[in-house]
Amino acid sequence: MLIFLNSLFAFVFYLGASSAGGNPWNAEIPNSVVGLSGSCVVIPCKFNYPSDGKTYNEFTGIWNKDASDIIYHKETSKINSKFKGRTTLLGDLHHKNCTLKIYSLHHSDAGLYMFRIEIKDFNQYSYEESKVSITVKDLPEQPIISVNEEVMSQKEKTATCMVSHSCPSDPPQITWNHEGTHTSQSQPQDHGQWRLTSSLTFTPSREDHNKPLNCSAEFSGGKKVTSSKTLKVKYPPYNLNVKSNSPVKENTSVELICSCDSNPPASFQWISLNGSVLANGPNYKLNHVSRTEAISCTASNTEGKNSSGPQRINVLYPPEIKKESFCKSEPTVCVCIVDSNPPSEVKWLGPSGAFPSSSIEQNGFLTIFTLQGWEGFPDAIHCFASNSEGNSVITIQVPNHRMIIYIVVATAAVLVTLVVISVCVTKRHCRCKAQEQHLNDMKADPNEMKTTPKSGLQSVMTSHVDKMKMKQSMLTRKNK
């Protein structure tokens, strides 16, 4: 009897559904959906019913798991306790959208799910032919990075990172390990999956060569996955370095090595100071090397060219004390300038022993040793320089400041004497010229009186009168 009633109900239902005509009862739901444990899952759903041109305003959407447990109902009291607070209907039933979202997915949530619609004053239907299977996985899929791994330094490049997920309302967060400009977009895929694509526009540098470009995706629930690509950055030669296999002595041979950092590997040339090419390759043997020898290395590849500039060879040679070494007085200071490699040690030698330098200044291969004098400093001192290659000595005279004072005083006395003599000669010459002028004036007009300052011409006239009187007296005596 029960079987009969059920069959009858099914038949009547079939007739009602068929007679509605127009649109049949059907639903568009994916066969399967994969969700991540701890994250959410969205089941896209669209349904249809035979409305026969009529409009209905009251709908009740119900989702069941395994055809028995109610996991979603607008009356929350009817929801299975395992799903309370974890499900929500995203779709609008008035627009035939029955999309469901399940939060905090558990492994126990795996199974078959079915949608049922109840339309007031019309009918109700369970879409058993459109069940969806939910699979719960522990780990998300690895992101997929797309980038040309061989890039050029300082030229902008774009990389993309794609990751699949099942929760469009709470997509994973994508991060990169390289600075740049980020953009993201999410697109629906089949089986309830979504694809999130993040683009990174960045400028690689030589420091990125052979370094990983990482893309990390962190899902709701805290799970995180990372993928990487190793960048191959092309860049011109830099950090050129010229060195010898060991220190070399003067007039011997040395093997030079040129190296640099570049990608692709660089080719090398050795250039002399006058610009001529000496050899090709990273190694060069230089014969009869001198302390002033300098050579440059040039490296080039497809990305550019660079030069080390003139490089002085590390040549070992004994001390050479420069002729510019000196001593001065007031105060007494002696300076000894030594050219050597390796740097020299200097001792100052005097009659009473050896003295250490007061200060030492290093300037390349030149070393300047200074000795401050003291009371009783000797008239001459020896600068003795030595290193692993030999030694050298020079004697430096100290100027005697007392002798300088004597010479200055004597010179001043001579100058004063010359000035006094010059003044006297000048005065005497002027007096003679005045007497001569007076005699000439007398011859021109003996009776004319001349007015002359007492300080000069009057005394001359007095002397002249006296001489005339003396001549007159002598003539009188002779006549007698």
# chains A, B, ... in the order shown; residues from 1 in each chain; ligands from 1

call {"tool": "residues_around", "arguments": {"residues": "Phe369 of chain A", "least_positions_apart": "6", "cutoff": "9 Å", "atoms": "only C-alpha atoms", "output": "MDAnalysis selection string"}}
result
chainID A and resid 334:338 346 357:362

call {"tool": "write_last_selection", "arguments": {"atoms": "all heavy atoms", "output": "PDB file, in the first residue's frame"}}
result
ATOM      1  N   CYS A 334     113.435  68.086  11.398  1.00  0.00           N
ATOM      2  CA  CYS A 334     114.046  67.358  10.298  1.00  0.00           C
ATOM      3  C   CYS A 334     113.015  66.425   9.675  1.00  0.00           C
ATOM      4  O   CYS A 334     112.241  65.792  10.389  1.00  0.00           O
ATOM      5  CB  CYS A 334     115.250  66.550  10.775  1.00  0.00           C
ATOM      6  SG  CYS A 334     116.651  67.587  11.284  1.00  0.00           S
ATOM      7  N   VAL A 335     113.006  66.357   8.342  1.00  0.00           N
ATOM      8  CA  VAL A 335     112.057  65.528   7.597  1.00  0.00           C
ATOM      9  C   VAL A 335     112.830  64.618   6.658  1.00  0.00           C
ATOM     10  O   VAL A 335     113.667  65.092   5.880  1.00  0.00           O
ATOM     11  CB  VAL A 335     111.066  66.399   6.802  1.00  0.00           C
ATOM     12  CG1 VAL A 335     110.153  65.527   5.944  1.00  0.00           C
ATOM     13  CG2 VAL A 335     110.234  67.259   7.743  1.00  0.00           C
ATOM     14  N   CYS A 336     112.530  63.319   6.713  1.00  0.00           N
ATOM     15  CA  CYS A 336     113.163  62.325   5.847  1.00  0.00           C
ATOM     16  C   CYS A 336     112.067  61.663   5.018  1.00  0.00           C
ATOM     17  O   CYS A 336     111.128  61.067   5.566  1.00  0.00           O
ATOM     18  CB  CYS A 336     113.902  61.289   6.685  1.00  0.00           C
ATOM     19  SG  CYS A 336     114.878  60.133   5.703  1.00  0.00           S
ATOM     20  N   ILE A 337     112.140  61.767   3.678  1.00  0.00           N
ATOM     21  CA  ILE A 337     111.123  61.246   2.764  1.00  0.00           C
ATOM     22  C   ILE A 337     111.673  59.996   2.098  1.00  0.00           C
ATOM     23  O   ILE A 337     112.708  60.051   1.411  1.00  0.00           O
ATOM     24  CB  ILE A 337     110.730  62.299   1.720  1.00  0.00           C
ATOM     25  CG1 ILE A 337     110.295  63.592   2.425  1.00  0.00           C
ATOM     26  CG2 ILE A 337     109.638  61.781   0.812  1.00  0.00           C
ATOM     27  CD1 ILE A 337     110.088  64.758   1.480  1.00  0.00           C
ATOM     28  N   VAL A 338     110.964  58.866   2.277  1.00  0.00           N
ATOM     29  CA  VAL A 338     111.466  57.569   1.816  1.00  0.00           C
ATOM     30  C   VAL A 338     110.460  56.946   0.858  1.00  0.00           C
ATOM     31  O   VAL A 338     109.268  56.859   1.161  1.00  0.00           O
ATOM     32  CB  VAL A 338     111.725  56.614   2.998  1.00  0.00           C
ATOM     33  CG1 VAL A 338     112.298  55.299   2.499  1.00  0.00           C
ATOM     34  CG2 VAL A 338     112.665  57.268   4.007  1.00  0.00           C
ATOM     35  N   VAL A 346     112.564  53.747   9.828  1.00  0.00           N
ATOM     36  CA  VAL A 346     113.602  54.778   9.830  1.00  0.00           C
ATOM     37  C   VAL A 346     114.137  54.979  11.239  1.00  0.00           C
ATOM     38  O   VAL A 346     113.359  55.016  12.206  1.00  0.00           O
ATOM     39  CB  VAL A 346     113.057  56.110   9.253  1.00  0.00           C
ATOM     40  CG1 VAL A 346     113.897  57.298   9.713  1.00  0.00           C
ATOM     41  CG2 VAL A 346     113.058  56.058   7.730  1.00  0.00           C
ATOM     42  N   SER A 357     111.272  58.552  15.337  1.00  0.00           N
ATOM     43  CA  SER A 357     110.569  59.651  14.668  1.00  0.00           C
ATOM     44  C   SER A 357     109.468  60.202  15.568  1.00  0.00           C
ATOM     45  O   SER A 357     108.843  59.467  16.334  1.00  0.00           O
ATOM     46  CB  SER A 357     109.955  59.168  13.340  1.00  0.00           C
ATOM     47  OG  SER A 357     110.967  58.751  12.446  1.00  0.00           O
ATOM     48  N   SER A 358     109.259  61.505  15.437  1.00  0.00           N
ATOM     49  CA  SER A 358     108.172  62.135  16.196  1.00  0.00           C
ATOM     50  C   SER A 358     106.815  61.830  15.564  1.00  0.00           C
ATOM     51  O   SER A 358     105.808  61.697  16.255  1.00  0.00           O
ATOM     52  CB  SER A 358     108.386  63.647  16.266  1.00  0.00           C
ATOM     53  OG  SER A 358     109.647  63.945  16.824  1.00  0.00           O
ATOM     54  N   SER A 359     106.779  61.719  14.236  1.00  0.00           N
ATOM     55  CA  SER A 359     105.542  61.376  13.537  1.00  0.00           C
ATOM     56  C   SER A 359     105.881  60.682  12.226  1.00  0.00           C
ATOM     57  O   SER A 359     106.954  60.886  11.658  1.00  0.00           O
ATOM     58  CB  SER A 359     104.687  62.617  13.272  1.00  0.00           C
ATOM     59  OG  SER A 359     105.349  63.499  12.379  1.00  0.00           O
ATOM     60  N   ILE A 360     104.928  59.845  11.731  1.00  0.00           N
ATOM     61  CA  ILE A 360     105.102  59.103  10.481  1.00  0.00           C
ATOM     62  C   ILE A 360     103.832  59.259   9.665  1.00  0.00           C
ATOM     63  O   ILE A 360     102.729  59.034  10.160  1.00  0.00           O
ATOM     64  CB  ILE A 360     105.384  57.606  10.742  1.00  0.00           C
ATOM     65  CG1 ILE A 360     106.651  57.440  11.588  1.00  0.00           C
ATOM     66  CG2 ILE A 360     105.514  56.853   9.426  1.00  0.00           C
ATOM     67  CD1 ILE A 360     106.891  56.008  12.034  1.00  0.00           C
ATOM     68  N   GLU A 361     103.973  59.638   8.393  1.00  0.00           N
ATOM     69  CA  GLU A 361     102.829  59.811   7.501  1.00  0.00           C
ATOM     70  C   GLU A 361     103.031  58.967   6.250  1.00  0.00           C
ATOM     71  O   GLU A 361     104.043  59.106   5.559  1.00  0.00           O
ATOM     72  CB  GLU A 361     102.662  61.277   7.129  1.00  0.00           C
ATOM     73  CG  GLU A 361     101.480  61.542   6.208  1.00  0.00           C
ATOM     74  CD  GLU A 361     101.394  63.007   5.812  1.00  0.00           C
ATOM     75  OE1 GLU A 361     102.042  63.839   6.469  1.00  0.00           O
ATOM     76  OE2 GLU A 361     100.671  63.295   4.833  1.00  0.00           O
ATOM     77  N   GLN A 362     102.055  58.070   5.973  1.00  0.00           N
ATOM     78  CA  GLN A 362     102.125  57.183   4.819  1.00  0.00           C
ATOM     79  C   GLN A 362     101.301  57.761   3.686  1.00  0.00           C
ATOM     80  O   GLN A 362     100.143  58.141   3.862  1.00  0.00           O
ATOM     81  CB  GLN A 362     101.596  55.790   5.189  1.00  0.00           C
ATOM     82  CG  GLN A 362     101.847  54.715   4.144  1.00  0.00           C
ATOM     83  CD  GLN A 362     103.289  54.238   4.137  1.00  0.00           C
ATOM     84  OE1 GLN A 362     103.920  54.159   5.186  1.00  0.00           O
ATOM     85  NE2 GLN A 362     103.799  53.932   2.966  1.00  0.00           N
TER      86      GLN A 362
END

call {"tool": "residues_around", "arguments": {"residues": "segment 288-302 of chain A", "least_positions_apart": "6", "cutoff": "8 Å", "atoms": "only C-alpha atoms", "output": "MDAnalysis selection string"}}
result
chainID A and resid 236:237 240 242 249:254 258 260 262:273 308:317

call {"tool": "atom_distance", "arguments": {"atom1": "atom CA of Glu149 of chain A", "atom2": "atom CA of Gly180 of chain A"}}
result
16.6 Å

call {"tool": "closest_residue", "arguments": {"among": "A:Leu139, A:Asn363, A:Lys157, A:Pro30", "to": "Gln189 of chain A", "atoms": "only C-alpha atoms"}}
result
A:Pro30

call {"tool": "atom_distance", "arguments": {"atom1": "atom CA of Ser146 of chain A", "atom2": "atom CA of Ser32 of chain A"}}
result
28.1 Å

call {"tool": "closest_residue", "arguments": {"among": "A:Thr88, A:Ser77, A:Ser205, A:Thr332", "to": "Trp374 of chain A", "atoms": "only C-alpha atoms"}}
result
A:Thr332

call {"tool": "residues_around", "arguments": {"residues": "Pro399 of chain A", "least_positions_apart": "3", "cutoff": "12 Å", "atoms": "only C-alpha atoms", "output": "PDB file with N, CA and C atoms, in the first residue's frame"}}
result
ATOM      1  N   PHE A 326     115.056  67.277   4.412  1.00  0.00           N
ATOM      2  CA  PHE A 326     115.685  68.518   4.865  1.00  0.00           C
ATOM      3  C   PHE A 326     115.586  68.650   6.378  1.00  0.00           C
ATOM      4  N   CYS A 327     116.344  69.634   6.886  1.00  0.00           N
ATOM      5  CA  CYS A 327     116.215  70.104   8.263  1.00  0.00           C
ATOM      6  C   CYS A 327     116.075  71.620   8.233  1.00  0.00           C
ATOM      7  N   LYS A 328     115.353  72.182   9.200  1.00  0.00           N
ATOM      8  CA  LYS A 328     115.241  73.626   9.331  1.00  0.00           C
ATOM      9  C   LYS A 328     115.376  73.992  10.810  1.00  0.00           C
ATOM     10  N   SER A 329     115.687  75.254  11.048  1.00  0.00           N
ATOM     11  CA  SER A 329     115.856  75.715  12.430  1.00  0.00           C
ATOM     12  C   SER A 329     114.744  76.677  12.796  1.00  0.00           C
ATOM     13  N   GLU A 330     114.722  77.014  14.094  1.00  0.00           N
ATOM     14  CA  GLU A 330     113.768  77.987  14.643  1.00  0.00           C
ATOM     15  C   GLU A 330     112.309  77.646  14.322  1.00  0.00           C
ATOM     16  N   PRO A 331     111.654  76.600  14.832  1.00  0.00           N
ATOM     17  CA  PRO A 331     112.294  75.563  15.649  1.00  0.00           C
ATOM     18  C   PRO A 331     112.940  74.495  14.769  1.00  0.00           C
ATOM     19  N   THR A 332     113.782  73.697  15.375  1.00  0.00           N
ATOM     20  CA  THR A 332     114.497  72.674  14.625  1.00  0.00           C
ATOM     21  C   THR A 332     113.576  71.497  14.316  1.00  0.00           C
ATOM     22  N   VAL A 333     113.427  71.195  13.026  1.00  0.00           N
ATOM     23  CA  VAL A 333     112.623  70.059  12.556  1.00  0.00           C
ATOM     24  C   VAL A 333     113.350  69.422  11.386  1.00  0.00           C
ATOM     25  N   CYS A 334     113.435  68.086  11.398  1.00  0.00           N
ATOM     26  CA  CYS A 334     114.046  67.358  10.298  1.00  0.00           C
ATOM     27  C   CYS A 334     113.015  66.425   9.675  1.00  0.00           C
ATOM     28  N   GLY A 373     113.284  68.775  16.841  1.00  0.00           N
ATOM     29  CA  GLY A 373     114.562  69.036  17.493  1.00  0.00           C
ATOM     30  C   GLY A 373     114.415  69.383  18.973  1.00  0.00           C
ATOM     31  N   PHE A 377     120.546  70.221  19.878  1.00  0.00           N
ATOM     32  CA  PHE A 377     120.412  69.351  18.708  1.00  0.00           C
ATOM     33  C   PHE A 377     121.694  69.410  17.886  1.00  0.00           C
ATOM     34  N   PRO A 378     122.172  68.272  17.354  1.00  0.00           N
ATOM     35  CA  PRO A 378     123.449  68.263  16.623  1.00  0.00           C
ATOM     36  C   PRO A 378     123.367  69.056  15.320  1.00  0.00           C
ATOM     37  N   ASP A 379     124.533  69.402  14.786  1.00  0.00           N
ATOM     38  CA  ASP A 379     124.601  70.162  13.538  1.00  0.00           C
ATOM     39  C   ASP A 379     124.269  69.311  12.322  1.00  0.00           C
ATOM     40  N   ALA A 380     124.381  68.002  12.431  1.00  0.00           N
ATOM     41  CA  ALA A 380     124.056  67.069  11.339  1.00  0.00           C
ATOM     42  C   ALA A 380     123.447  65.811  11.939  1.00  0.00           C
ATOM     43  N   ILE A 381     122.524  65.222  11.190  1.00  0.00           N
ATOM     44  CA  ILE A 381     121.875  63.995  11.663  1.00  0.00           C
ATOM     45  C   ILE A 381     121.696  63.066  10.483  1.00  0.00           C
ATOM     46  N   ILE A 396     121.844  64.773   6.836  1.00  0.00           N
ATOM     47  CA  ILE A 396     121.161  66.053   6.630  1.00  0.00           C
ATOM     48  C   ILE A 396     121.780  67.076   7.579  1.00  0.00           C
ATOM     49  N   ARG A 402     122.660  80.585  15.232  1.00  0.00           N
ATOM     50  CA  ARG A 402     123.501  81.642  15.818  1.00  0.00           C
ATOM     51  C   ARG A 402     124.314  82.334  14.732  1.00  0.00           C
ATOM     52  N   MET A 403     124.872  81.556  13.815  1.00  0.00           N
ATOM     53  CA  MET A 403     125.653  82.126  12.725  1.00  0.00           C
ATOM     54  C   MET A 403     124.779  83.026  11.856  1.00  0.00           C
ATOM     55  N   ILE A 404     123.552  82.621  11.676  1.00  0.00           N
ATOM     56  CA  ILE A 404     122.645  83.438  10.883  1.00  0.00           C
ATOM     57  C   ILE A 404     122.430  84.800  11.537  1.00  0.00           C
ATOM     58  N   ILE A 405     122.316  84.829  12.891  1.00  0.00           N
ATOM     59  CA  ILE A 405     122.126  86.091  13.611  1.00  0.00           C
ATOM     60  C   ILE A 405     123.350  86.989  13.432  1.00  0.00           C
TER      61      ILE A 405
END

call {"tool": "closest_residue", "arguments": {"among": "A:Ile119, A:Val233, A:Leu196, A:Val225", "to": "Asp208 of chain A", "atoms": "only C-alpha atoms"}}
result
A:Val233

call {"tool": "closest_residue", "arguments": {"among": "A:Glu128, A:Asn210, A:Ser216, A:Glu179", "to": "Met162 of chain A", "atoms": "only C-alpha atoms"}}
result
A:Ser216

call {"tool": "atom_distance", "arguments": {"atom1": "atom CA of His107 of chain A", "atom2": "atom CA of Cys215 of chain A"}}
result
27.6 Å

call {"tool": "residues_around", "arguments": {"residues": "segment 100-104 of chain A", "least_positions_apart": "6", "cutoff": "7 Å", "atoms": "only C-alpha atoms", "output": "count of residues only"}}
result
12

call {"tool": "residues_around", "arguments": {"residues": "Lys223 of chain A", "least_positions_apart": "3", "cutoff": "12 Å", "atoms": "only C-alpha atoms", "output": "list in words"}}
result
Leu36, Ser37, Gly38, Ser39, Lys137, Asp138, Leu139, Pro140, Glu141, Gln142, Pro172, Gln173, Ser216, Ala217, Glu218, Phe219, Ser220 and Thr226 of chain A

call {"tool": "decode", "arguments": {"residues": "segment 64-198 of chain A", "atoms": "C-alpha atoms", "output": "short mmCIF file (atom, residue, chain, number, x, y, z; two decimals), in the first residue's frame"}}
result
data_model
loop_
_atom_site.label_atom_id
_atom_site.label_comp_id
_atom_site.auth_asym_id
_atom_site.auth_seq_id
_atom_site.Cartn_x
_atom_site.Cartn_y
_atom_site.Cartn_z
CA ASN A 64 21.29 18.79 2.04
CA LYS A 65 24.32 16.62 2.57
CA ASP A 66 24.00 12.95 1.73
CA ALA A 67 20.22 13.53 1.17
CA SER A 68 19.49 13.75 4.89
CA ASP A 69 21.45 16.36 6.81
CA ILE A 70 20.24 19.88 6.25
CA ILE A 71 23.31 22.10 6.07
CA TYR A 72 21.50 25.28 5.02
CA HIS A 73 17.97 26.55 5.66
CA LYS A 74 16.64 30.03 6.26
CA GLU A 75 15.30 28.68 9.51
CA THR A 76 18.62 28.07 11.27
CA SER A 77 17.03 25.75 13.84
CA LYS A 78 16.68 23.15 11.10
CA ILE A 79 20.42 23.18 10.25
CA ASN A 80 22.57 20.27 11.38
CA SER A 81 24.65 21.32 14.39
CA LYS A 82 27.91 20.53 12.53
CA PHE A 83 27.12 23.20 9.96
CA LYS A 84 25.49 25.89 12.05
CA GLY A 85 27.20 29.23 11.50
CA ARG A 86 29.30 27.79 8.66
CA THR A 87 26.97 28.09 5.68
CA THR A 88 25.37 30.97 3.85
CA LEU A 89 23.41 31.35 0.64
CA LEU A 90 25.24 33.77 -1.63
CA GLY A 91 22.73 33.60 -4.46
CA ASP A 92 19.35 35.37 -4.78
CA LEU A 93 16.59 32.79 -5.20
CA HIS A 94 14.35 35.34 -6.94
CA HIS A 95 16.98 35.40 -9.68
CA LYS A 96 17.27 31.59 -9.68
CA ASN A 97 20.72 31.70 -8.06
CA CYS A 98 21.32 29.08 -5.37
CA THR A 99 25.09 29.50 -4.83
CA LEU A 100 26.24 28.20 -1.42
CA LYS A 101 29.30 29.04 0.68
CA ILE A 102 30.72 26.77 3.38
CA TYR A 103 33.23 28.29 5.82
CA SER A 104 36.09 26.60 7.70
CA LEU A 105 35.99 23.44 5.67
CA HIS A 106 36.53 20.18 7.60
CA HIS A 107 37.55 16.78 6.30
CA SER A 108 34.19 15.50 7.51
CA ASP A 109 32.51 17.91 5.08
CA ALA A 110 33.49 15.71 2.15
CA GLY A 111 30.49 14.06 0.45
CA LEU A 112 27.51 14.62 -1.87
CA TYR A 113 25.39 17.75 -1.66
CA MET A 114 22.00 18.48 -3.19
CA PHE A 115 19.84 21.58 -3.59
CA ARG A 116 16.07 21.69 -2.99
CA ILE A 117 13.67 24.52 -3.80
CA GLU A 118 10.26 25.14 -2.23
CA ILE A 119 8.01 27.67 -3.98
CA LYS A 120 4.96 28.84 -2.06
CA ASP A 121 1.63 28.39 -3.84
CA PHE A 122 3.33 26.37 -6.54
CA ASN A 123 5.56 23.38 -5.96
CA GLN A 124 8.82 22.01 -4.53
CA TYR A 125 11.64 20.04 -6.06
CA SER A 126 14.91 18.32 -5.09
CA TYR A 127 17.54 18.40 -7.82
CA GLU A 128 18.82 14.90 -7.21
CA GLU A 129 20.19 14.61 -10.75
CA SER A 130 22.49 17.59 -10.08
CA LYS A 131 24.36 16.54 -6.96
CA VAL A 132 27.84 17.91 -6.32
CA SER A 133 30.72 16.06 -4.69
CA ILE A 134 32.97 18.06 -2.33
CA THR A 135 36.55 16.91 -1.85
CA VAL A 136 38.61 18.34 1.00
CA LYS A 137 42.39 18.48 0.61
CA ASP A 138 45.07 19.34 3.14
CA LEU A 139 47.50 21.29 0.94
CA PRO A 140 46.82 23.90 -1.71
CA GLU A 141 48.24 23.64 -5.19
CA GLN A 142 51.61 25.25 -5.86
CA PRO A 143 51.51 28.66 -7.55
CA ILE A 144 52.58 28.73 -11.19
CA ILE A 145 55.17 31.43 -12.04
CA SER A 146 55.55 32.63 -15.61
CA VAL A 147 58.63 34.72 -16.39
CA ASN A 148 61.42 34.73 -18.91
CA GLU A 149 64.20 33.48 -16.68
CA GLU A 150 66.89 35.15 -18.81
CA VAL A 151 66.52 38.90 -18.31
CA MET A 152 68.70 41.96 -18.82
CA SER A 153 69.94 44.17 -16.02
CA GLN A 154 68.13 47.51 -15.54
CA LYS A 155 65.44 46.62 -18.11
CA GLU A 156 61.85 46.36 -16.87
CA LYS A 157 60.29 42.89 -16.82
CA THR A 158 56.86 41.44 -15.90
CA ALA A 159 56.28 38.13 -14.09
CA THR A 160 52.95 36.48 -13.33
CA CYS A 161 51.92 34.11 -10.55
CA MET A 162 48.72 32.02 -10.79
CA VAL A 163 47.08 30.09 -7.97
CA SER A 164 43.83 28.08 -7.85
CA HIS A 165 41.36 28.41 -5.01
CA SER A 166 37.73 27.70 -4.13
CA CYS A 167 36.85 30.76 -2.07
CA PRO A 168 36.37 33.89 -4.26
CA SER A 169 35.03 35.95 -1.34
CA ASP A 170 38.26 35.39 0.59
CA PRO A 171 41.00 34.75 -2.00
CA PRO A 172 44.59 33.92 -1.03
CA GLN A 173 47.08 36.72 -0.48
CA ILE A 174 49.93 36.68 -3.00
CA THR A 175 53.31 38.20 -2.14
CA TRP A 176 56.60 38.51 -4.06
CA ASN A 177 60.14 38.62 -2.72
CA HIS A 178 61.14 41.38 -5.17
CA GLU A 179 60.23 45.04 -5.19
CA GLY A 180 57.99 46.22 -8.02
CA THR A 181 54.43 47.09 -9.04
CA HIS A 182 51.72 44.52 -8.20
CA THR A 183 48.30 43.93 -9.81
CA SER A 184 45.86 41.05 -9.20
CA GLN A 185 42.67 39.65 -10.73
CA SER A 186 40.52 36.58 -10.03
CA GLN A 187 38.57 34.63 -12.66
CA PRO A 188 36.15 31.68 -12.34
CA GLN A 189 37.20 28.29 -13.67
CA ASP A 190 35.49 24.90 -14.01
CA HIS A 191 34.31 22.78 -11.07
CA GLY A 192 33.86 25.66 -8.70
CA GLN A 193 37.48 26.72 -8.90
CA TRP A 194 38.87 30.23 -9.26
CA ARG A 195 42.20 31.37 -10.61
CA LEU A 196 43.93 34.32 -8.98
CA THR A 197 46.64 35.95 -11.11
CA SER A 198 49.18 38.40 -9.68
#
